[in-house]
Every structure is written in C-alpha cells, then in structure tokens.
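upload23.cif follows (mmCIF, C-alpha atoms):
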```cif
data_target
#
loop_
_atom_site.label_atom_id
_atom_site.label_comp_id
_atom_site.auth_asym_id
_atom_site.auth_seq_id
_atom_site.Cartn_x
_atom_site.Cartn_y
_atom_site.Cartn_z
CA MET A 1 2.97 -18.06 -14.06
CA GLN A 2 0.37 -19.71 -11.81
CA GLN A 3 1.91 -17.92 -8.81
CA LEU A 4 1.20 -14.50 -10.35
CA ILE A 5 -2.34 -15.49 -11.37
CA THR A 6 -3.00 -16.65 -7.80
CA HIS A 7 -1.71 -13.30 -6.54
CA ILE A 8 -3.87 -11.36 -8.99
CA THR A 9 -7.03 -13.23 -8.04
CA ALA A 10 -6.24 -12.82 -4.32
CA TYR A 11 -6.07 -9.01 -4.65
CA SER A 12 -8.66 -8.25 -7.34
CA SER A 13 -11.95 -9.47 -8.71
CA ALA A 14 -10.30 -10.82 -11.89
CA THR A 15 -11.15 -14.48 -12.44
CA PRO A 16 -8.54 -17.14 -13.30
CA ASP A 17 -10.24 -18.56 -16.40
CA ASN A 18 -9.63 -15.47 -18.51
CA LEU A 19 -6.08 -14.96 -17.21
CA ASP A 20 -4.41 -18.00 -18.78
CA ARG A 21 -2.94 -15.89 -21.54
CA ILE A 22 -1.12 -13.26 -19.47
CA GLY A 23 1.97 -15.45 -19.47
CA ASP A 24 2.43 -14.42 -23.11
CA PHE A 25 3.27 -10.88 -22.00
CA PHE A 26 5.95 -11.82 -19.47
CA GLU A 27 9.44 -13.17 -19.70
CA VAL A 28 10.58 -15.55 -16.98
CA ARG A 29 14.16 -14.66 -16.10
CA THR A 30 16.54 -16.16 -13.53
CA PHE A 31 19.29 -14.23 -11.81
CA LYS A 32 22.25 -15.61 -9.94
CA LYS A 33 23.05 -14.26 -6.51
CA ARG A 34 24.51 -10.72 -6.91
CA GLU A 35 23.38 -10.46 -10.56
CA LEU A 36 21.76 -7.15 -11.57
CA LEU A 37 18.11 -6.96 -12.69
CA LEU A 38 18.38 -3.23 -13.40
CA GLN A 39 21.37 -0.90 -13.59
CA GLU A 40 21.33 2.75 -12.49
CA GLY A 41 22.09 5.03 -15.45
CA GLN A 42 20.50 2.75 -18.03
CA ARG A 43 17.02 3.09 -19.48
CA CYS A 44 14.39 1.40 -17.31
CA HIS A 45 11.54 -0.11 -19.31
CA GLU A 46 10.72 -3.17 -17.21
CA LYS A 47 9.09 -4.06 -13.95
CA PHE A 48 9.65 -7.25 -11.99
CA PHE A 49 7.43 -9.63 -10.05
CA VAL A 50 9.67 -11.65 -7.73
CA ALA A 51 8.50 -15.27 -8.07
CA LYS A 52 11.33 -16.72 -5.99
CA GLY A 53 14.25 -15.15 -4.18
CA CYS A 54 15.06 -11.71 -2.86
CA VAL A 55 16.39 -8.49 -4.42
CA HIS A 56 17.47 -5.10 -3.14
CA LEU A 57 17.00 -1.65 -4.66
CA PHE A 58 19.91 0.74 -4.21
CA TYR A 59 21.72 3.74 -5.62
CA LEU A 60 25.37 4.70 -5.66
CA ARG A 61 26.25 7.49 -3.23
CA GLN A 62 28.69 10.16 -4.37
CA ASN A 63 31.33 8.51 -2.18
CA GLY A 64 30.88 5.27 -4.15
CA VAL A 65 29.03 3.41 -1.39
CA GLU A 66 25.84 1.56 -2.33
CA GLN A 67 22.80 2.82 -0.40
CA THR A 68 20.00 0.24 -0.16
CA ILE A 69 16.56 1.84 0.02
CA ASP A 70 14.29 -1.18 -0.40
CA PHE A 71 13.98 -4.94 -0.72
CA ALA A 72 11.54 -7.24 -2.52
CA LEU A 73 10.74 -10.83 -1.63
CA GLU A 74 8.37 -13.34 -3.26
CA ASN A 75 5.13 -11.84 -4.63
CA TRP A 76 6.44 -8.26 -4.53
CA TRP A 77 6.68 -5.99 -7.52
CA THR A 78 9.78 -3.87 -7.92
CA SER A 79 11.28 -1.37 -10.33
CA ASP A 80 12.41 2.24 -10.49
CA PHE A 81 8.79 3.29 -11.04
CA MET A 82 9.55 6.93 -11.91
CA ALA A 83 11.84 5.76 -14.72
CA PHE A 84 9.45 2.94 -15.68
CA GLN A 85 6.45 5.24 -16.12
CA GLN A 86 8.46 7.82 -18.06
CA GLY A 87 10.63 5.39 -20.03
CA GLY A 88 13.51 7.27 -18.44
CA ILE A 89 16.95 6.59 -17.05
CA ALA A 90 17.05 4.49 -13.88
CA GLN A 91 18.21 6.26 -10.74
CA PHE A 92 18.32 2.95 -8.89
CA SER A 93 19.88 -0.46 -9.45
CA ILE A 94 18.24 -3.74 -8.48
CA ARG A 95 20.36 -6.76 -7.57
CA ALA A 96 19.59 -10.33 -6.56
CA VAL A 97 20.40 -10.93 -2.88
CA GLU A 98 19.75 -14.65 -3.45
CA ALA A 99 19.29 -16.71 -6.62
CA THR A 100 16.08 -15.17 -7.94
CA GLU A 101 13.39 -15.95 -10.48
CA ALA A 102 11.37 -12.98 -11.72
CA PHE A 103 8.45 -12.48 -14.11
CA VAL A 104 9.52 -9.48 -16.18
CA ILE A 105 7.24 -7.24 -18.21
CA SER A 106 8.20 -4.24 -20.32
CA ALA A 107 6.14 -1.04 -20.39
CA ALA A 108 5.17 -1.77 -24.02
CA ARG A 109 4.07 -5.33 -23.23
CA GLN A 110 2.21 -4.11 -20.15
CA HIS A 111 0.36 -1.64 -22.36
CA ASP A 112 -0.68 -4.51 -24.64
CA MET A 113 -1.62 -6.71 -21.70
CA LEU A 114 -3.78 -3.99 -20.11
CA SER A 115 -5.50 -3.40 -23.46
CA ALA A 116 -6.31 -7.10 -23.66
CA PHE A 117 -7.08 -7.45 -19.92
CA PRO A 118 -8.27 -4.04 -18.69
CA GLU A 119 -9.53 -5.71 -15.51
CA LEU A 120 -5.87 -5.99 -14.42
CA HIS A 121 -5.86 -2.25 -13.68
CA GLU A 122 -7.82 -3.16 -10.55
CA TYR A 123 -4.99 -5.44 -9.41
CA PHE A 124 -2.34 -2.78 -10.04
CA HIS A 125 -4.53 -0.13 -8.38
CA VAL A 126 -4.62 -2.30 -5.25
CA MET A 127 -0.88 -3.14 -5.44
CA PHE A 128 0.22 0.49 -5.75
CA GLN A 129 -2.25 1.70 -3.11
CA ARG A 130 -0.76 -0.82 -0.70
CA ALA A 131 2.79 0.15 -1.65
CA TYR A 132 2.03 3.86 -1.26
CA ALA A 133 0.22 3.28 2.05
CA ALA A 134 3.28 1.40 3.33
CA SER A 135 5.54 4.24 2.22
CA GLN A 136 3.41 6.77 4.17
CA MET A 137 3.98 4.67 7.29
CA ARG A 138 7.66 4.29 6.49
CA ILE A 139 8.11 8.04 6.13
CA ARG A 140 6.36 8.51 9.48
CA LYS A 141 8.75 6.05 11.08
CA THR A 142 11.83 7.78 9.69
CA TYR A 143 10.69 10.99 11.43
CA GLU A 144 9.50 9.28 14.58
CA LEU A 145 11.80 6.45 15.57
CA SER A 146 15.34 6.40 16.87
CA LYS A 147 17.78 4.11 15.07
CA GLU A 148 17.40 1.45 17.75
CA ASP A 149 13.61 1.63 17.52
CA LEU A 150 13.79 1.39 13.71
CA TYR A 151 15.77 -1.80 14.08
CA GLN A 152 13.31 -3.27 16.59
CA ASP A 153 10.36 -2.27 14.43
CA PHE A 154 11.93 -3.88 11.39
CA SER A 155 12.77 -7.10 13.27
CA ARG A 156 9.21 -7.35 14.52
CA ASN A 157 7.47 -6.61 11.23
CA TYR A 158 9.79 -8.36 8.80
CA PRO A 159 11.29 -11.41 10.52
CA ALA A 160 11.73 -13.13 7.12
CA PHE A 161 14.15 -10.42 6.05
CA MET A 162 16.23 -10.74 9.20
CA GLN A 163 16.89 -14.37 8.27
CA ARG A 164 17.57 -13.83 4.58
CA VAL A 165 19.26 -10.47 4.16
CA PRO A 166 23.00 -10.07 4.81
CA GLN A 167 23.82 -7.81 7.74
CA TYR A 168 25.64 -5.20 5.66
CA LEU A 169 22.54 -4.69 3.45
CA LEU A 170 20.26 -4.44 6.45
CA ALA A 171 22.62 -1.89 8.00
CA SER A 172 22.64 0.12 4.76
CA PHE A 173 18.83 0.05 4.54
CA LEU A 174 18.46 1.22 8.14
CA GLY A 175 21.04 3.94 7.62
CA PHE A 176 23.47 2.36 10.10
CA THR A 177 27.12 1.46 9.82
CA PRO A 178 27.58 -2.33 9.98
CA GLU A 179 29.43 -1.78 13.29
CA TYR A 180 26.47 0.07 14.81
CA LEU A 181 24.06 -2.67 13.69
CA SER A 182 26.30 -5.28 15.25
CA GLU A 183 26.27 -3.34 18.55
CA ILE A 184 22.46 -3.09 18.57
CA ARG A 185 22.07 -6.77 17.78
CA LYS A 186 24.35 -7.73 20.67
CA LYS A 187 22.33 -5.49 22.96
CA PHE A 188 19.02 -7.13 22.02
CA VAL A 189 20.39 -10.66 22.15
CA SER A 190 21.93 -10.19 25.60
CA MET B 1 -16.92 17.88 -10.50
CA GLN B 2 -15.72 18.87 -13.98
CA GLN B 3 -12.23 19.43 -12.54
CA LEU B 4 -11.98 15.80 -11.42
CA ILE B 5 -13.37 14.49 -14.73
CA THR B 6 -10.76 16.56 -16.59
CA HIS B 7 -8.07 15.08 -14.35
CA ILE B 8 -9.34 11.53 -14.91
CA THR B 9 -9.39 11.89 -18.68
CA ALA B 10 -5.92 13.47 -18.64
CA TYR B 11 -4.43 10.45 -16.85
CA SER B 12 -6.45 7.54 -18.22
CA SER B 13 -8.25 6.38 -21.33
CA ALA B 14 -11.69 6.89 -19.71
CA THR B 15 -13.90 9.12 -21.85
CA PRO B 16 -15.88 12.07 -20.45
CA ASP B 17 -19.30 11.09 -21.85
CA ASN B 18 -19.70 8.10 -19.55
CA LEU B 19 -18.30 9.91 -16.51
CA ASP B 20 -21.11 12.40 -15.93
CA ARG B 21 -22.56 10.32 -13.13
CA ILE B 22 -19.46 9.98 -10.91
CA GLY B 23 -20.48 13.15 -9.07
CA ASP B 24 -23.22 11.04 -7.42
CA PHE B 25 -20.57 9.13 -5.49
CA PHE B 26 -18.76 12.17 -4.07
CA GLU B 27 -19.58 14.76 -1.48
CA VAL B 28 -18.29 18.29 -2.08
CA ARG B 29 -17.07 19.63 1.24
CA THR B 30 -15.50 22.97 2.16
CA PHE B 31 -13.05 23.46 5.00
CA LYS B 32 -12.03 26.70 6.65
CA LYS B 33 -8.37 27.44 7.13
CA ARG B 34 -7.06 25.19 9.96
CA GLU B 35 -10.16 22.95 9.89
CA LEU B 36 -9.52 19.18 10.05
CA LEU B 37 -10.43 16.87 7.16
CA LEU B 38 -9.30 13.79 9.10
CA GLN B 39 -8.35 13.29 12.72
CA GLU B 40 -5.67 10.88 13.94
CA GLY B 41 -7.20 8.25 16.22
CA GLN B 42 -10.57 8.22 14.47
CA ARG B 43 -11.71 5.71 11.86
CA CYS B 44 -10.61 6.69 8.35
CA HIS B 45 -13.12 5.72 5.68
CA GLU B 46 -12.69 8.59 3.22
CA LYS B 47 -10.23 9.87 0.66
CA PHE B 48 -10.00 13.43 -0.59
CA PHE B 49 -9.42 15.04 -3.97
CA VAL B 50 -8.30 18.62 -3.35
CA ALA B 51 -10.30 20.76 -5.79
CA LYS B 52 -9.12 24.06 -4.36
CA GLY B 53 -6.77 24.98 -1.55
CA CYS B 54 -3.99 23.20 0.30
CA VAL B 55 -3.85 20.68 3.14
CA HIS B 56 -1.13 19.05 5.22
CA LEU B 57 -0.87 15.52 6.57
CA PHE B 58 0.68 15.20 10.02
CA TYR B 59 0.85 13.12 13.17
CA LEU B 60 1.29 14.07 16.80
CA ARG B 61 4.75 13.31 18.18
CA GLN B 62 5.02 11.87 21.69
CA ASN B 63 6.18 15.32 22.86
CA GLY B 64 2.91 16.81 21.56
CA VAL B 65 4.47 18.54 18.54
CA GLU B 66 2.75 18.11 15.17
CA GLN B 67 5.03 16.50 12.58
CA THR B 68 4.02 17.30 8.98
CA ILE B 69 4.92 14.52 6.57
CA ASP B 70 3.12 15.64 3.41
CA PHE B 71 1.06 18.29 1.65
CA ALA B 72 -1.62 18.20 -1.04
CA LEU B 73 -2.52 21.01 -3.44
CA GLU B 74 -5.15 21.19 -6.19
CA ASN B 75 -5.67 17.92 -8.13
CA TRP B 76 -3.89 15.80 -5.52
CA TRP B 77 -5.47 12.89 -3.70
CA THR B 78 -4.81 12.53 -0.01
CA SER B 79 -5.76 10.28 2.89
CA ASP B 80 -4.22 7.91 5.41
CA PHE B 81 -4.21 5.17 2.78
CA MET B 82 -3.28 2.33 5.14
CA ALA B 83 -6.30 3.15 7.32
CA PHE B 84 -8.48 3.85 4.25
CA GLN B 85 -7.80 0.47 2.65
CA GLN B 86 -8.30 -1.42 5.92
CA GLY B 87 -11.16 0.69 7.29
CA GLY B 88 -8.85 1.23 10.24
CA ILE B 89 -7.92 3.96 12.69
CA ALA B 90 -6.11 6.95 11.20
CA GLN B 91 -2.49 7.38 12.25
CA PHE B 92 -2.43 10.81 10.57
CA SER B 93 -4.52 13.96 10.68
CA ILE B 94 -5.19 16.15 7.64
CA ARG B 95 -5.80 19.87 8.08
CA ALA B 96 -6.60 22.73 5.69
CA VAL B 97 -3.62 25.09 5.34
CA GLU B 98 -5.87 27.46 3.36
CA ALA B 99 -9.65 27.56 2.82
CA THR B 100 -10.09 24.28 0.92
CA GLU B 101 -12.73 22.59 -1.22
CA ALA B 102 -12.43 18.81 -1.49
CA PHE B 103 -14.31 16.08 -3.32
CA VAL B 104 -14.73 13.38 -0.69
CA ILE B 105 -15.50 9.72 -1.32
CA SER B 106 -15.95 6.95 1.23
CA ALA B 107 -14.51 3.46 0.75
CA ALA B 108 -18.06 2.09 0.40
CA ARG B 109 -19.05 4.69 -2.22
CA GLN B 110 -15.77 4.12 -4.05
CA HIS B 111 -16.56 0.42 -4.16
CA ASP B 112 -19.94 1.23 -5.75
CA MET B 113 -18.36 3.74 -8.15
CA LEU B 114 -15.71 1.25 -9.29
CA SER B 115 -18.39 -1.40 -9.82
CA ALA B 116 -20.32 1.04 -12.02
CA PHE B 117 -17.18 2.48 -13.69
CA PRO B 118 -14.50 -0.24 -13.59
CA GLU B 119 -12.48 1.79 -16.11
CA LEU B 120 -11.62 4.17 -13.23
CA HIS B 121 -9.23 1.54 -11.86
CA GLU B 122 -6.90 2.63 -14.66
CA TYR B 123 -6.95 6.20 -13.35
CA PHE B 124 -6.23 5.10 -9.78
CA HIS B 125 -3.55 2.68 -10.99
CA VAL B 126 -1.80 5.63 -12.68
CA MET B 127 -2.33 7.96 -9.67
CA PHE B 128 -0.91 5.51 -7.13
CA GLN B 129 1.97 4.49 -9.40
CA ARG B 130 2.93 8.17 -9.67
CA ALA B 131 2.57 8.69 -5.92
CA TYR B 132 4.64 5.59 -5.16
CA ALA B 133 7.28 6.56 -7.73
CA ALA B 134 7.55 9.98 -6.10
CA SER B 135 7.92 8.37 -2.68
CA GLN B 136 10.81 6.19 -3.94
CA MET B 137 12.60 9.39 -5.02
CA ARG B 138 11.72 11.08 -1.74
CA ILE B 139 13.16 8.21 0.29
CA ARG B 140 16.32 8.40 -1.81
CA LYS B 141 16.61 12.11 -1.09
CA THR B 142 16.20 11.63 2.66
CA TYR B 143 19.22 9.31 2.59
CA GLU B 144 21.21 11.38 0.11
CA LEU B 145 20.76 15.09 0.75
CA SER B 146 21.91 17.33 3.56
CA LYS B 147 19.26 19.53 5.18
CA GLU B 148 20.38 22.52 3.12
CA ASP B 149 20.23 20.51 -0.09
CA LEU B 150 16.77 19.20 0.84
CA TYR B 151 15.61 22.80 1.19
CA GLN B 152 17.10 23.79 -2.17
CA ASP B 153 15.66 20.74 -3.87
CA PHE B 154 12.22 21.49 -2.44
CA SER B 155 12.38 25.16 -3.47
CA ARG B 156 13.35 24.19 -7.00
CA ASN B 157 10.77 21.43 -7.48
CA TYR B 158 7.81 22.92 -5.59
CA PRO B 159 7.92 26.71 -5.92
CA ALA B 160 4.12 26.88 -5.48
CA PHE B 161 4.45 25.45 -1.98
CA MET B 162 7.10 27.97 -1.00
CA GLN B 163 4.59 30.74 -1.66
CA ARG B 164 1.59 29.12 -0.01
CA VAL B 165 2.79 27.10 2.94
CA PRO B 166 3.58 28.81 6.27
CA GLN B 167 7.23 28.64 7.26
CA TYR B 168 6.63 26.60 10.41
CA LEU B 169 4.91 23.84 8.39
CA LEU B 170 7.65 23.82 5.80
CA ALA B 171 10.24 23.57 8.58
CA SER B 172 8.31 20.67 10.16
CA PHE B 173 8.07 18.85 6.81
CA LEU B 174 11.80 19.25 6.15
CA GLY B 175 12.62 18.11 9.68
CA PHE B 176 14.10 21.52 10.61
CA THR B 177 13.47 23.81 13.51
CA PRO B 178 11.82 27.06 12.32
CA GLU B 179 15.01 28.87 13.43
CA TYR B 180 17.20 26.66 11.25
CA LEU B 181 14.91 27.19 8.24
CA SER B 182 15.07 30.93 8.79
CA GLU B 183 18.90 30.76 8.82
CA ILE B 184 19.00 28.77 5.56
CA ARG B 185 16.57 31.15 3.86
CA LYS B 186 18.69 34.14 4.83
CA LYS B 187 21.75 32.38 3.47
CA PHE B 188 20.13 31.72 0.07
CA VAL B 189 18.59 35.17 -0.20
CA SER B 190 21.86 36.93 0.61
#
```

Representation of the structure as structure tokens:
Amino acid sequence: MQQLITHITAYSSATPDNLDRIGDFFEVRTFKKRELLLQEGQRCHEKFFVAKGCVHLFYLRQNGVEQTIDFALENWWTSDFMAFQQGGIAQFSIRAVEATEAFVISAARQHDMLSAFPELHEYFHVMFQRAYAASQMRIRKTYELSKEDLYQDFSRNYPAFMQRVPQYLLASFLGFTPEYLSEIRKKFVS
Amino acid sequence: MQQLITHITAYSSATPDNLDRIGDFFEVRTFKKRELLLQEGQRCHEKFFVAKGCVHLFYLRQNGVEQTIDFALENWWTSDFMAFQQGGIAQFSIRAVEATEAFVISAARQHDMLSAFPELHEYFHVMFQRAYAASQMRIRKTYELSKEDLYQDFSRNYPAFMQRVPQYLLASFLGFTPEYLSEIRKKFVS
C-alpha cells in the first residue's frame, strides 16, 4: 500500500503519518494476464489503482468486436466512473493486458475512507482534474489529427505503451485495423 | 454567489453557513454575446462557473476554421484544464454563445480558497469525477455511433442545447458540415 501512499502525498498535501490506515479500506487483488477486473453488463461498485501491470478498458461493439477506449498502467486509477458513481451497470469491461496487481476499493468503502480521511478529497480532486484535462486534449486530437498523426503522437507521448501493449489492442484503441497499423509502422521504421 | 453555494451543497457535504465568504475569492464577470472568456495562445490562469448563459470551447484548425469541442450552460464549470493546472498556454478559446455571467476564479485565488475551505475539495472531486465519467461515455460514442446516431443521441440527451446553440456551432461540435446537419434535421423532422 506504500506505493499508493507515496502517490497520494506526491499529488496532495496529505501527510504520510496519518495515512497508515487507508490500507484497511482496500483489497489487494491479483489478476492473471487476460483476466477481467470488471465485466460490462454487471454492476460496477469498485475502482482500481493499478499497482503493477497494465489493463485495458473496452466495450463490445454490436458486431461482437471488442473496442478498446483506454489503458491504465502503474499508478493510474481506472473504472467505469459513470457506473461507479451511480452504482449502476458497467458499460465497459476492464481486462489485464499483463499479470496485474490492483488496489481495489468499493464505493461504500471509499465513502467510509473519505469520512475518516476527508483530506483525500484533495488527492481525488487533483487526479480527476488531470484525467479530465487529458480527455479534453484527447478529444481535440480526435478532431484534429489524421490516423497517421494519431499514431505518431501516441508513440511520442506514450513510449511505454508501445513496448507493452499488443499490436491488436493498440490498433483497436487508435481506431485502426491491425493491417493498417502494421502498414504505418513499416512506413515509420523504413 | 448564492447559485454557486446551492450547487456546492447539492453535490457535497459542505454546509452553507460556513460558505458565505467564498464570494471573496471570485470575480463576477459579464460577457456579451460572442465575447471571449479565454483566448487560445494566451496564459490560462482562470476557471469559470457559468451562472447564466452559454459558452463554447473551441480551437483554431490549421485551415483557420474554429472547431468546437464542448459547451457549458448554467452551473457548469469550464476552462482549458490542462493549461489551468499547469499555469500554461491555453490550447482552447472559450466564447459566449449568449450574453453570459460567469463566476471567475484564478488558480492562485482557488489555492487560497481551498486552504480556507478544504472541504471544497469534495465538491471539486465530485465535479471532475462527473466530468471525466461523461467524457468516457463521449469517447465511447465517438467510436460507436454513426453521425446520424450522434445527432439523435445529442438531441435526446441535451434538448436545451438544441434550442439555444446556433446550428453552425452544433454542426462543428458534431463534426458535420452545416449542410450535412441541415440534411439530417430535415430527415428527422419529415
């Protein structure tokens, strides 16, 4: 849990000495590669801090193909946040891309934790502001960039992903066919 | 300022009696129709609570056309949040679609306000979680829906916008040409 406490103190004014007990509110869960953390269609009452590993967030298209819309690596929070905040049915699944360890907290336990440690709202305020700010930029890029430019932008900004994420997931995320991604990669390598 | 205090107490456990003084941290500013709240390329150090009116967030495409990526109506917060959090250069402009009144707070004043009222982090935690949750759903829809379906979805979920936002801005937001939007509208009216 030290990893999460370090993250909290890096992004908020909360001090470590009164954070020892937050571990009580989390469950540490490990997922094998390709195991689901969350399944679309089931109630979503948990959010996940990725301590180790990598996951992807996706939904099932009407044609049965999985459409990846996001990833999370170490020190990222992930969930279907609409469902999480409403205690509703998940419209996304989350699956481990690699063997993954996550700190998992339910909405009910988070409520208790924030009652006991209200100063953690500052941390979550900062986390969600950053996430929302990134999504504003992402939406701009989806309007602005060609598919090739999206790929270049992603390679430049997220080199860690390029190493760790299978090509077919990267293609899905970028809205490419795997064949098209393969073509672009050849072009930039040559 | 009562409108903002009502909003804060609706979305957090903060109580009105200790919130009287938050008005000191804000500036109430009015904007004429088409006046800019924020200009792309200038430093962004403010965020805006729309008390009355409607604004749109846009950037200038390389071909000189304005691309609208978002709107904000009454009780919505808006800014270029990446620039706001970093004290950086805005990559978006914000302009009044109608005569607009906004409660404006700078990053420095917000810092002071949150020091004096740390319980407001809860409110901003909730606001940004909601905004980020909505952006997850929006990103899903941009992958999932055809242009016609996007239009129908928008009409269904945001009828207030359909009444208040000029057609050319709505077309820009949906990634349509104004001509294409006009065609779709005729189709659904007939």

From the set A:Tyr180, A:Phe58, A:Phe49, A:Phe25, which residue has the shortest atom-to-atom contact distance to chain B, counting all atoms listed in the file?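 Among the listed residues, A:Phe58 lies closest to chain B.
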
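Going from atom CA of A:Glu35 over to atom CA of A:Gly23, you cover 23.7 Å.
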
For the provided coordinates, the residues matched by the PyMOL selection byres ((chain B) within 10 of (chain A)) should be stated as a PyMOL selection string. chain B and resi 58-62+67-70+79-85+91-92+114+118-140+142-144+173-175

So, with only C-alpha atoms as the atoms that count, which of B:Phe48, B:Phe103, B:Tyr151, B:Phe188 lies closest to B:Thr78?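 Counting only C-alpha atoms, the residue closest to B:Thr78 is B:Phe48.
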
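Take atom CA of A:Val104 and atom CA of A:Trp77: the distance between them is 9.8 Å.
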
For stretch 115-125 of chain A, what centre and edge lengths in Å (one decimal) does the axis-aligned box get once 3 Å is added on each side of all its listed atoms, as lines of an AutoDock Vina configuration file?
```
center_x = -5.9
center_y = -3.8
center_z = -16.0
size_x = 13.2
size_y = 13.3
size_z = 21.3
```

Hey, can you check how far atom CA of A:Lys141 sits from atom CA of B:Gly64? 16.1 Å

Residue by residue, what does the PyMOL selection byres ((chain B and resi 31) around 10) grab here? Present the result as a ChimeraX atom specification. /B:29-30,32-37,53,55,95-102

For those residues, write C-alpha atoms to a file as a PDB file, in the frame of the given file.
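Wrote result.pdb, looks like this:
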```
ATOM      1  CA  ARG B  29     -17.070  19.630   1.240  1.00  0.00           C
ATOM      2  CA  THR B  30     -15.500  22.970   2.160  1.00  0.00           C
ATOM      3  CA  LYS B  32     -12.030  26.700   6.650  1.00  0.00           C
ATOM      4  CA  LYS B  33      -8.370  27.440   7.130  1.00  0.00           C
ATOM      5  CA  ARG B  34      -7.060  25.190   9.960  1.00  0.00           C
ATOM      6  CA  GLU B  35     -10.160  22.950   9.890  1.00  0.00           C
ATOM      7  CA  LEU B  36      -9.520  19.180  10.050  1.00  0.00           C
ATOM      8  CA  LEU B  37     -10.430  16.870   7.160  1.00  0.00           C
ATOM      9  CA  GLY B  53      -6.770  24.980  -1.550  1.00  0.00           C
ATOM     10  CA  VAL B  55      -3.850  20.680   3.140  1.00  0.00           C
ATOM     11  CA  ARG B  95      -5.800  19.870   8.080  1.00  0.00           C
ATOM     12  CA  ALA B  96      -6.600  22.730   5.690  1.00  0.00           C
ATOM     13  CA  VAL B  97      -3.620  25.090   5.340  1.00  0.00           C
ATOM     14  CA  GLU B  98      -5.870  27.460   3.360  1.00  0.00           C
ATOM     15  CA  ALA B  99      -9.650  27.560   2.820  1.00  0.00           C
ATOM     16  CA  THR B 100     -10.090  24.280   0.920  1.00  0.00           C
ATOM     17  CA  GLU B 101     -12.730  22.590  -1.220  1.00  0.00           C
ATOM     18  CA  ALA B 102     -12.430  18.810  -1.490  1.00  0.00           C
TER      19      ALA B 102
END
```

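Take the PyMOL selection byres ((chain B and resi 2) around 12) and apply it to this file: it picks Met1, Gln3, Leu4, Ile5, Thr6, His7, Ile8, Thr9, Pro16, Asp17, Leu19, Asp20, Arg21, Ile22, Gly23, Ala51, Asn75 and Phe103 of chain B.
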